[in-house]
Amino acid sequence: MCGIAGLWSAKNKGFNQERHLDNIRLMSEKLNHRGPDARGLWSDEAGIALGHSRLSIQDLTAHGHQPMSSHCQRYVLVFNGEIYNFLALKVQLENEGLTFIGHSDTEVLLAALCQWGLEKSLGLFNGMFAFALWDKQQQTLTLAQDRAAKKPLYFGWVGQDFVFASELKALKVLPGFCGEIDKEALTLYLAYNYVPAPRSIYQQIYKLAQGACITLSPDIFTDKAGLLERVRHYWCAYQSAKKQYQQPFSGSYHDAVNQLDAHLVDATKIRMVADVPLGVMLSGGIDSATVTGIAQSLSSRAVNSFSIGFENNRKCEAGAARKIAGHLGTAHNELIVTGRDALDVLPLLPQMYDEPFGDSSQIPTYLVAKLAKSRVTVALTGDGGDELFYGYRRYFSSHKLTKVNRKIPGLLRQPLSKLCRSIGRLSRCEHKFLQHAQNIAASHPLDLYQSRIAKFIEPHRLVKGAEPVSLANIEQVKALDICEPEFNMMLLDYTSYLTGDILVKVDRASMAASLEARNPLLDRRIVEFAWSLPTAYKFNQGTGKTVLRDVLARYVPDELMNRPKQGFGSPIKKWLCGPLRDWAEELLSEEKLRRQGLLDPVLVRYLWERCKANPQGRHSHLWTILMFQAWYQQQELSA
């Protein structure tokens, strides 16, 4: 894994090459945690400068160094990620007469772009990546993102310069960085715990979305406002999902288990190619147990597995992970953390995530990544199984609510919804009433599902001067006109929650520990295969992940896996009622909120007072606000 950065200035706008090199050096230094092994800088009189911080995984020699120039000297590349099928692509390129000086996937990626062009190459790459390609001949800059947006790429304007980087901290060091909060982005954050692409928390700075690319020419400097209009999708999750849904898998259930097993074996195998030590993050759940079982079956030696648990926590899965590891024969590494251990991570989070990020499992994710880094440089994870194979409990509850909702007479929907909403507003955003109002009024299953995934039903009421804003992904899924609610819910999560929350959490936590995380379940073949499967193969008799469970049974016996899903969260309620109470009180003080001028101090204080008075209060909702406040406070201190 690596960090990439770049800036491009119009030559007639006071371009200074020495200044460019100084700025790109500053940007790259901020990404050192993503690539502590080497740093490379490159600039050109055309006004472009590129930087790279390297975590060496493939070809540890200088032949893998970046920025990398093509053999023809036309292109310069900075690349973050891994192309898992690079060995197969290398053979194809060699058959077409190309030669290679090293054995890195970066050299293969660059050669493919030169030989086959952008469109064909992006269609062939199987991996996680974010890269920038400068074409000296055409004077164009291309940014591209993988199909699941596993590797981050921010881009936008700082003053008169077009800039991009793997993390926002690399942009914030540039002279002239504005840092004005985007209130729509803040509203979306309060609803979902993360800022959805293409927005970032800052105005004029964006995220490249999954399966997207953008090619820029010098005319961008005369049309700065049209930046997002230039983004296009070389692969569209919505259309791909619809295509697979309309051409369903026609084999038997047993055939599906066999094919999924074969896909998983190959996806895991190609992700185990590395010139550095590799392990597996084992939470004890179905997804990570499947990946661990397959990885161990492919290895001639004991694979390092890693798990953590919270002390005195009845939901801790460390014991289950230990039993699975014992059965598989992995070299298991376990860490039981105290509340103090976890809380010591808290001050690191604003800097680690760069944007407000409210998923409390960010803390254990960082701790297990740090544990893994003590022994390995690459770790496999089980992310993606829930969104592809019907794994979340909210799918079941939403399914039931949809059936109930359809029984409400049409004439009663709006009056009942309006009544619930009025009560909710009178009680200052009381979540349950507003949730009921949205459920009753829902005309589409995703409108109802929205109330299950949103932290705040009316988050704009918390942000001063904000207007209601909705998640664009919802309308994009609706537009597919697929009548199956379960499919719609999973696709929405794949295109929003997975990319905006889960993969962001894993990337930032692992990179903060200089650890590369790889996700076999998100292999493009598995994703599209999952979309082609009938829902009955994923959900049967009240149980989700049916087909995945039967693959797992080939590696781990059922008796070790038959237990409720626990998740990977943190004991927020316990913390806010105890050791974090004073910290929360300071961040949520009415004086601070009024001075900052972003959140409604009366409403926020009301929510906090209710939580303090009621041990069963919505502490996770307060955590979302607190993570913004902690992040914003750090921005003020570093300004």
# chains A, B, ... in the order shown; residues from 1 in each chain; ligands from 1
>>> select_by_dssp(residues="range 108-263 of chain A", states="helix (DSSP H, G or I)", output="PyMOL selection string")
chain A and resi 108-116+118-124+169-172+183-192+218-222+224-226+228-230+237-246+253-263
>>> select_by_dssp(residues="range 322-363 of chain A", states="strand (DSSP E)", output="ChimeraX atom specification")
/A:331-337
>>> atom_distance(atom1="CA of Glu29 in chain A", atom2="CA of Ser200 in chain A")
21.6 Å
>>> residues_around(residues="Pro579 in chain A", least_positions_apart="6", cutoff="9 Å", atoms="only C-alpha atoms", output="list in words")
Gly339, Arg340 and Leu343 of chain A
>>> write_last_selection(atoms="all heavy atoms", output="mmCIF file, in the first residue's frame")
data_model
loop_
_atom_site.group_PDB
_atom_site.id
_atom_site.type_symbol
_atom_site.label_atom_id
_atom_site.label_comp_id
_atom_site.auth_asym_id
_atom_site.auth_seq_id
_atom_site.Cartn_x
_atom_site.Cartn_y
_atom_site.Cartn_z
ATOM 1 N N GLY A 339 -10.457 -1.099 28.641
ATOM 2 C CA GLY A 339 -11.082 0.151 28.248
ATOM 3 C C GLY A 339 -10.053 1.259 28.087
ATOM 4 O O GLY A 339 -10.151 2.095 27.197
ATOM 5 N N ARG A 340 -9.023 1.227 28.942
ATOM 6 C CA ARG A 340 -7.972 2.243 28.853
ATOM 7 C C ARG A 340 -7.202 2.140 27.543
ATOM 8 O O ARG A 340 -6.865 3.142 26.917
ATOM 9 C CB ARG A 340 -7.022 2.079 30.025
ATOM 10 C CG ARG A 340 -5.930 3.131 30.145
ATOM 11 C CD ARG A 340 -6.498 4.469 30.552
ATOM 12 N NE ARG A 340 -6.775 5.347 29.424
ATOM 13 C CZ ARG A 340 -7.531 6.423 29.490
ATOM 14 N NH1 ARG A 340 -8.154 6.729 30.596
ATOM 15 N NH2 ARG A 340 -7.698 7.185 28.435
ATOM 16 N N LEU A 343 -9.397 3.630 24.860
ATOM 17 C CA LEU A 343 -9.547 5.074 24.986
ATOM 18 C C LEU A 343 -8.265 5.817 24.624
ATOM 19 O O LEU A 343 -8.309 6.976 24.218
ATOM 20 C CB LEU A 343 -9.990 5.437 26.399
ATOM 21 C CG LEU A 343 -11.390 4.934 26.790
ATOM 22 C CD1 LEU A 343 -11.713 5.308 28.223
ATOM 23 C CD2 LEU A 343 -12.439 5.479 25.851
#
>>> residues_around(residues="Ser43 in chain A", least_positions_apart="2", cutoff="10 Å", atoms="only C-alpha atoms", output="NGL selection string")
:A and (6-8 or 17-18 or 20-21 or 24 or 41 or 45-51 or 67 or 76)
>>> write_last_selection(atoms="all heavy atoms", output="short mmCIF file (atom, residue, chain, number, x, y, z; two decimals), in the first residue's frame")
data_model
loop_
_atom_site.label_atom_id
_atom_site.label_comp_id
_atom_site.auth_asym_id
_atom_site.auth_seq_id
_atom_site.Cartn_x
_atom_site.Cartn_y
_atom_site.Cartn_z
N GLY A 6 -0.39 14.81 -5.82
CA GLY A 6 0.00 15.56 -7.00
C GLY A 6 -0.63 16.94 -7.03
O GLY A 6 -1.63 17.18 -6.34
N LEU A 7 -0.02 17.83 -7.78
CA LEU A 7 -0.61 19.14 -8.01
C LEU A 7 -0.22 19.61 -9.41
O LEU A 7 0.84 19.27 -9.94
CB LEU A 7 -0.20 20.16 -6.96
CG LEU A 7 1.25 20.60 -6.85
CD1 LEU A 7 1.33 21.95 -6.14
CD2 LEU A 7 2.07 19.59 -6.05
N TRP A 8 -1.14 20.37 -9.98
CA TRP A 8 -0.98 20.82 -11.36
C TRP A 8 -1.37 22.28 -11.43
O TRP A 8 -2.46 22.67 -11.00
CB TRP A 8 -1.89 19.98 -12.27
CG TRP A 8 -1.70 20.20 -13.74
CD1 TRP A 8 -0.68 20.88 -14.36
CD2 TRP A 8 -2.56 19.74 -14.78
NE1 TRP A 8 -0.85 20.85 -15.72
CE2 TRP A 8 -1.99 20.16 -16.02
CE3 TRP A 8 -3.74 18.99 -14.80
CZ2 TRP A 8 -2.58 19.88 -17.25
CZ3 TRP A 8 -4.33 18.70 -16.03
CH2 TRP A 8 -3.74 19.14 -17.23
N GLN A 17 8.65 25.83 -10.66
CA GLN A 17 8.92 24.41 -10.50
C GLN A 17 9.53 24.09 -9.13
O GLN A 17 9.21 23.06 -8.52
CB GLN A 17 9.84 23.90 -11.60
CG GLN A 17 9.92 22.38 -11.67
CD GLN A 17 10.57 21.89 -12.94
OE1 GLN A 17 10.98 22.68 -13.79
NE2 GLN A 17 10.65 20.58 -13.10
N GLU A 18 10.37 24.97 -8.64
CA GLU A 18 10.97 24.74 -7.32
C GLU A 18 9.91 24.75 -6.22
O GLU A 18 9.92 23.94 -5.30
CB GLU A 18 12.03 25.80 -7.05
CG GLU A 18 12.80 25.56 -5.76
CD GLU A 18 13.92 26.56 -5.56
OE1 GLU A 18 14.35 27.20 -6.55
OE2 GLU A 18 14.37 26.71 -4.41
N HIS A 20 6.81 23.96 -6.67
CA HIS A 20 6.07 22.72 -6.83
C HIS A 20 6.74 21.57 -6.11
O HIS A 20 6.09 20.77 -5.43
CB HIS A 20 5.93 22.41 -8.32
CG HIS A 20 4.60 22.77 -8.88
ND1 HIS A 20 3.94 23.93 -8.53
CD2 HIS A 20 3.78 22.13 -9.78
CE1 HIS A 20 2.79 23.99 -9.17
NE2 HIS A 20 2.67 22.92 -9.94
N LEU A 21 8.04 21.45 -6.27
CA LEU A 21 8.76 20.35 -5.61
C LEU A 21 8.69 20.48 -4.09
O LEU A 21 8.55 19.48 -3.39
CB LEU A 21 10.21 20.33 -6.08
CG LEU A 21 10.47 19.64 -7.42
CD1 LEU A 21 11.91 19.83 -7.85
CD2 LEU A 21 10.13 18.14 -7.32
N ILE A 24 5.08 19.38 -3.14
CA ILE A 24 4.82 17.95 -3.27
C ILE A 24 5.59 17.18 -2.21
O ILE A 24 5.16 16.12 -1.75
CB ILE A 24 5.15 17.46 -4.70
CG1 ILE A 24 4.38 16.16 -5.01
CG2 ILE A 24 6.63 17.24 -4.90
CD1 ILE A 24 2.92 16.33 -5.14
N LEU A 41 9.68 11.75 -5.78
CA LEU A 41 9.12 13.00 -6.25
C LEU A 41 9.47 13.18 -7.73
O LEU A 41 10.52 12.74 -8.19
CB LEU A 41 9.69 14.18 -5.45
CG LEU A 41 9.59 14.13 -3.92
CD1 LEU A 41 10.34 15.30 -3.32
CD2 LEU A 41 8.14 14.13 -3.47
N GLU A 45 8.10 20.74 -16.34
CA GLU A 45 7.89 22.14 -16.66
C GLU A 45 6.46 22.43 -17.13
O GLU A 45 6.06 23.59 -17.23
CB GLU A 45 8.89 22.59 -17.72
CG GLU A 45 10.33 22.63 -17.21
CD GLU A 45 11.30 23.11 -18.26
OE1 GLU A 45 10.86 23.31 -19.42
OE2 GLU A 45 12.48 23.28 -17.93
N ALA A 46 5.71 21.37 -17.44
CA ALA A 46 4.32 21.57 -17.84
C ALA A 46 3.44 22.01 -16.68
O ALA A 46 2.27 22.33 -16.86
CB ALA A 46 3.76 20.28 -18.44
N GLY A 47 4.01 22.03 -15.47
CA GLY A 47 3.25 22.49 -14.31
C GLY A 47 2.76 21.38 -13.41
O GLY A 47 2.03 21.62 -12.45
N ILE A 48 3.16 20.13 -13.70
CA ILE A 48 2.68 18.98 -12.93
C ILE A 48 3.78 18.50 -11.99
O ILE A 48 4.97 18.52 -12.32
CB ILE A 48 2.26 17.83 -13.89
CG1 ILE A 48 1.59 16.69 -13.11
CG2 ILE A 48 3.43 17.34 -14.72
CD1 ILE A 48 0.18 16.95 -12.73
N ALA A 49 3.39 18.08 -10.80
CA ALA A 49 4.31 17.48 -9.83
C ALA A 49 3.60 16.28 -9.18
O ALA A 49 2.42 16.37 -8.84
CB ALA A 49 4.74 18.48 -8.77
N LEU A 50 4.33 15.18 -9.03
CA LEU A 50 3.77 13.96 -8.46
C LEU A 50 4.64 13.49 -7.30
O LEU A 50 5.87 13.62 -7.33
CB LEU A 50 3.70 12.85 -9.52
CG LEU A 50 2.92 13.16 -10.80
CD1 LEU A 50 3.07 12.00 -11.79
CD2 LEU A 50 1.45 13.41 -10.49
N GLY A 51 3.98 12.92 -6.28
CA GLY A 51 4.70 12.38 -5.14
C GLY A 51 4.19 11.01 -4.77
O GLY A 51 3.02 10.68 -4.99
N PRO A 67 7.50 7.88 -8.37
CA PRO A 67 6.80 7.84 -9.65
C PRO A 67 7.58 7.05 -10.69
O PRO A 67 8.80 7.15 -10.76
CB PRO A 67 6.67 9.32 -10.04
CG PRO A 67 6.74 10.06 -8.74
CD PRO A 67 7.71 9.28 -7.91
N VAL A 76 3.99 9.02 -16.94
CA VAL A 76 4.51 8.93 -15.57
C VAL A 76 3.35 8.54 -14.66
O VAL A 76 2.25 9.11 -14.77
CB VAL A 76 5.14 10.25 -15.10
CG1 VAL A 76 5.74 10.09 -13.71
CG2 VAL A 76 6.21 10.72 -16.08
#
>>> residues_around(residues="range 498-502 of chain A", least_positions_apart="4", cutoff="9 Å", atoms="only C-alpha atoms", output="number ranges by chain")
A: 148-150, 192-197, 209-210, 357-359, 383-384, 387, 493-494, 506-507
>>> write_last_selection(atoms="all heavy atoms", output="short mmCIF file (atom, residue, chain, number, x, y, z; two decimals), in the first residue's frame")
data_model
loop_
_atom_site.label_atom_id
_atom_site.label_comp_id
_atom_site.auth_asym_id
_atom_site.auth_seq_id
_atom_site.Cartn_x
_atom_site.Cartn_y
_atom_site.Cartn_z
N ALA A 148 -14.54 -0.96 -6.07
CA ALA A 148 -15.15 -0.85 -4.74
C ALA A 148 -14.66 0.37 -3.97
O ALA A 148 -15.03 0.55 -2.82
CB ALA A 148 -14.88 -2.12 -3.93
N ALA A 149 -13.85 1.19 -4.59
CA ALA A 149 -13.26 2.37 -3.93
C ALA A 149 -12.51 1.96 -2.67
O ALA A 149 -12.64 2.60 -1.63
CB ALA A 149 -14.34 3.41 -3.62
N LYS A 150 -11.74 0.89 -2.77
CA LYS A 150 -10.98 0.42 -1.60
C LYS A 150 -9.86 1.39 -1.24
O LYS A 150 -9.49 1.51 -0.08
CB LYS A 150 -10.39 -0.96 -1.88
CG LYS A 150 -11.42 -2.04 -2.12
CD LYS A 150 -10.74 -3.32 -2.57
CE LYS A 150 -11.74 -4.25 -3.23
NZ LYS A 150 -11.08 -5.35 -3.93
N TYR A 192 -25.34 9.33 8.33
CA TYR A 192 -24.79 8.00 8.00
C TYR A 192 -23.49 7.64 8.70
O TYR A 192 -22.96 6.54 8.50
CB TYR A 192 -24.61 7.90 6.48
CG TYR A 192 -25.90 8.13 5.74
CD1 TYR A 192 -26.11 9.29 5.01
CD2 TYR A 192 -26.93 7.20 5.79
CE1 TYR A 192 -27.29 9.52 4.35
CE2 TYR A 192 -28.13 7.42 5.14
CZ TYR A 192 -28.30 8.58 4.41
OH TYR A 192 -29.50 8.80 3.77
N ASN A 193 -22.91 8.57 9.47
CA ASN A 193 -21.64 8.31 10.16
C ASN A 193 -20.41 8.52 9.29
O ASN A 193 -19.29 8.34 9.74
CB ASN A 193 -21.57 6.90 10.76
CG ASN A 193 -21.98 6.84 12.21
OD1 ASN A 193 -22.14 7.88 12.84
ND2 ASN A 193 -22.14 5.65 12.74
N TYR A 194 -20.60 8.85 8.02
CA TYR A 194 -19.47 9.10 7.13
C TYR A 194 -19.93 10.10 6.07
O TYR A 194 -21.12 10.34 5.91
CB TYR A 194 -19.01 7.79 6.45
CG TYR A 194 -20.08 7.14 5.61
CD1 TYR A 194 -20.24 7.44 4.26
CD2 TYR A 194 -20.98 6.22 6.17
CE1 TYR A 194 -21.24 6.86 3.49
CE2 TYR A 194 -21.98 5.63 5.41
CZ TYR A 194 -22.10 5.96 4.06
OH TYR A 194 -23.11 5.38 3.31
N VAL A 195 -18.98 10.68 5.35
CA VAL A 195 -19.30 11.61 4.27
C VAL A 195 -19.29 10.83 2.96
O VAL A 195 -18.25 10.35 2.53
CB VAL A 195 -18.29 12.77 4.21
CG1 VAL A 195 -18.63 13.70 3.05
CG2 VAL A 195 -18.25 13.54 5.53
N PRO A 196 -20.44 10.67 2.30
CA PRO A 196 -20.50 9.86 1.07
C PRO A 196 -19.82 10.55 -0.11
O PRO A 196 -19.87 11.77 -0.26
CB PRO A 196 -22.00 9.72 0.82
CG PRO A 196 -22.69 10.23 2.04
CD PRO A 196 -21.76 11.19 2.69
N ALA A 197 -19.18 9.74 -0.96
CA ALA A 197 -18.62 10.25 -2.22
C ALA A 197 -19.78 10.73 -3.11
O ALA A 197 -20.88 10.21 -3.02
CB ALA A 197 -17.83 9.14 -2.92
N ALA A 209 -15.30 8.33 -6.88
CA ALA A 209 -16.20 7.25 -6.50
C ALA A 209 -15.76 5.92 -7.10
O ALA A 209 -14.90 5.85 -7.98
CB ALA A 209 -17.62 7.58 -6.95
N GLN A 210 -16.37 4.84 -6.63
CA GLN A 210 -16.03 3.50 -7.09
C GLN A 210 -16.24 3.37 -8.60
O GLN A 210 -17.22 3.86 -9.16
CB GLN A 210 -16.86 2.45 -6.36
CG GLN A 210 -18.35 2.60 -6.53
CD GLN A 210 -19.17 1.59 -5.75
OE1 GLN A 210 -20.26 1.88 -5.33
NE2 GLN A 210 -18.65 0.41 -5.57
N PHE A 357 -15.75 10.87 11.18
CA PHE A 357 -16.06 9.45 10.93
C PHE A 357 -16.60 8.87 12.24
O PHE A 357 -15.92 8.87 13.26
CB PHE A 357 -14.81 8.71 10.49
CG PHE A 357 -15.07 7.30 10.01
CD1 PHE A 357 -15.62 7.07 8.76
CD2 PHE A 357 -14.78 6.21 10.82
CE1 PHE A 357 -15.87 5.78 8.32
CE2 PHE A 357 -15.02 4.92 10.40
CZ PHE A 357 -15.57 4.70 9.14
N GLY A 358 -17.86 8.40 12.22
CA GLY A 358 -18.54 8.07 13.45
C GLY A 358 -18.71 6.60 13.77
O GLY A 358 -19.40 6.26 14.73
N ASP A 359 -18.11 5.70 13.00
CA ASP A 359 -18.24 4.27 13.25
C ASP A 359 -17.32 3.89 14.41
O ASP A 359 -16.09 3.92 14.28
CB ASP A 359 -17.87 3.49 11.99
CG ASP A 359 -18.12 1.99 12.13
OD1 ASP A 359 -18.15 1.48 13.26
OD2 ASP A 359 -18.28 1.31 11.10
N ASP A 383 -14.11 -8.48 4.77
CA ASP A 383 -15.08 -7.42 4.44
C ASP A 383 -15.81 -7.71 3.14
O ASP A 383 -15.23 -8.18 2.17
CB ASP A 383 -14.36 -6.08 4.34
CG ASP A 383 -13.64 -5.71 5.61
OD1 ASP A 383 -14.31 -5.71 6.66
OD2 ASP A 383 -12.43 -5.46 5.57
N GLY A 384 -17.11 -7.39 3.13
CA GLY A 384 -17.92 -7.52 1.93
C GLY A 384 -18.97 -8.62 1.98
O GLY A 384 -19.93 -8.59 1.23
N GLU A 387 -22.77 -7.43 2.79
CA GLU A 387 -23.45 -6.68 1.73
C GLU A 387 -23.76 -7.55 0.51
O GLU A 387 -24.64 -7.20 -0.28
CB GLU A 387 -22.60 -5.49 1.30
CG GLU A 387 -22.42 -4.43 2.37
CD GLU A 387 -21.30 -4.74 3.37
OE1 GLU A 387 -20.63 -5.80 3.21
OE2 GLU A 387 -21.11 -3.97 4.32
N ASP A 493 -26.29 -0.87 0.18
CA ASP A 493 -25.18 -0.96 1.13
C ASP A 493 -23.84 -1.15 0.43
O ASP A 493 -22.83 -0.61 0.86
CB ASP A 493 -25.42 -2.11 2.12
CG ASP A 493 -26.34 -1.72 3.26
OD1 ASP A 493 -26.51 -0.51 3.49
OD2 ASP A 493 -26.89 -2.62 3.91
N TYR A 494 -23.83 -1.92 -0.64
CA TYR A 494 -22.58 -2.12 -1.38
C TYR A 494 -22.06 -0.80 -1.95
O TYR A 494 -20.85 -0.53 -1.94
CB TYR A 494 -22.77 -3.13 -2.52
CG TYR A 494 -21.51 -3.36 -3.31
CD1 TYR A 494 -20.57 -4.31 -2.91
CD2 TYR A 494 -21.24 -2.62 -4.46
CE1 TYR A 494 -19.38 -4.50 -3.63
CE2 TYR A 494 -20.07 -2.81 -5.18
CZ TYR A 494 -19.15 -3.75 -4.77
OH TYR A 494 -17.98 -3.93 -5.47
N VAL A 506 -11.31 0.43 7.39
CA VAL A 506 -10.22 -0.54 7.27
C VAL A 506 -8.98 0.12 6.65
O VAL A 506 -7.85 -0.11 7.10
CB VAL A 506 -10.66 -1.75 6.44
CG1 VAL A 506 -9.49 -2.67 6.14
CG2 VAL A 506 -11.75 -2.52 7.19
N ASP A 507 -9.19 0.94 5.62
CA ASP A 507 -8.04 1.58 4.97
C ASP A 507 -7.30 2.50 5.92
O ASP A 507 -6.08 2.41 6.07
CB ASP A 507 -8.49 2.36 3.74
CG ASP A 507 -7.34 3.14 3.11
OD1 ASP A 507 -6.56 2.53 2.37
OD2 ASP A 507 -7.21 4.35 3.40
#
>>> residues_around(residues="range 473-483 of chain A", least_positions_apart="3", cutoff="8 Å", atoms="only C-alpha atoms", output="list in words")
Tyr238, Gln239, Lys242, Leu446, Phe487, Asn488, Leu491, Leu492, Thr495 and Ser496 of chain A
>>> atom_distance(atom1="CA of Asp275 in chain A", atom2="CA of Lys151 in chain A")
20.5 Å
>>> decode(residues="range 148-161 of chain A", atoms="N, CA and C atoms", output="PDB file, in the first residue's frame")
ATOM      1  N   ALA A 148     -14.540  -0.957  -6.071  1.00  0.00           N
ATOM      2  CA  ALA A 148     -15.154  -0.852  -4.742  1.00  0.00           C
ATOM      3  C   ALA A 148     -14.663   0.365  -3.973  1.00  0.00           C
ATOM      4  N   ALA A 149     -13.846   1.191  -4.594  1.00  0.00           N
ATOM      5  CA  ALA A 149     -13.262   2.365  -3.929  1.00  0.00           C
ATOM      6  C   ALA A 149     -12.515   1.964  -2.668  1.00  0.00           C
ATOM      7  N   LYS A 150     -11.741   0.886  -2.768  1.00  0.00           N
ATOM      8  CA  LYS A 150     -10.978   0.424  -1.599  1.00  0.00           C
ATOM      9  C   LYS A 150      -9.859   1.387  -1.240  1.00  0.00           C
ATOM     10  N   LYS A 151      -9.300   2.030  -2.257  1.00  0.00           N
ATOM     11  CA  LYS A 151      -8.186   2.945  -2.022  1.00  0.00           C
ATOM     12  C   LYS A 151      -8.648   4.375  -2.255  1.00  0.00           C
ATOM     13  N   PRO A 152      -8.477   5.255  -1.287  1.00  0.00           N
ATOM     14  CA  PRO A 152      -9.041   6.608  -1.361  1.00  0.00           C
ATOM     15  C   PRO A 152      -8.292   7.498  -2.345  1.00  0.00           C
ATOM     16  N   LEU A 153      -9.008   8.442  -2.927  1.00  0.00           N
ATOM     17  CA  LEU A 153      -8.389   9.449  -3.783  1.00  0.00           C
ATOM     18  C   LEU A 153      -9.235  10.722  -3.734  1.00  0.00           C
ATOM     19  N   TYR A 154      -8.687  11.748  -3.086  1.00  0.00           N
ATOM     20  CA  TYR A 154      -9.332  13.058  -2.998  1.00  0.00           C
ATOM     21  C   TYR A 154      -8.771  13.963  -4.096  1.00  0.00           C
ATOM     22  N   PHE A 155      -9.606  14.856  -4.609  1.00  0.00           N
ATOM     23  CA  PHE A 155      -9.142  15.775  -5.637  1.00  0.00           C
ATOM     24  C   PHE A 155      -9.967  17.056  -5.583  1.00  0.00           C
ATOM     25  N   GLY A 156      -9.401  18.112  -6.133  1.00  0.00           N
ATOM     26  CA  GLY A 156     -10.131  19.379  -6.146  1.00  0.00           C
ATOM     27  C   GLY A 156      -9.190  20.553  -6.328  1.00  0.00           C
ATOM     28  N   TRP A 157      -9.589  21.694  -5.778  1.00  0.00           N
ATOM     29  CA  TRP A 157      -8.848  22.940  -5.988  1.00  0.00           C
ATOM     30  C   TRP A 157      -8.316  23.498  -4.677  1.00  0.00           C
ATOM     31  N   VAL A 158      -7.062  23.896  -4.699  1.00  0.00           N
ATOM     32  CA  VAL A 158      -6.476  24.712  -3.636  1.00  0.00           C
ATOM     33  C   VAL A 158      -5.909  25.952  -4.314  1.00  0.00           C
ATOM     34  N   GLY A 159      -6.584  27.068  -4.128  1.00  0.00           N
ATOM     35  CA  GLY A 159      -6.215  28.265  -4.859  1.00  0.00           C
ATOM     36  C   GLY A 159      -6.404  28.046  -6.350  1.00  0.00           C
ATOM     37  N   GLN A 160      -5.348  28.280  -7.122  1.00  0.00           N
ATOM     38  CA  GLN A 160      -5.402  28.100  -8.575  1.00  0.00           C
ATOM     39  C   GLN A 160      -4.873  26.737  -9.013  1.00  0.00           C
ATOM     40  N   ASP A 161      -4.493  25.889  -8.046  1.00  0.00           N
ATOM     41  CA  ASP A 161      -3.889  24.598  -8.369  1.00  0.00           C
ATOM     42  C   ASP A 161      -4.902  23.465  -8.282  1.00  0.00           C
TER      43      ASP A 161
END
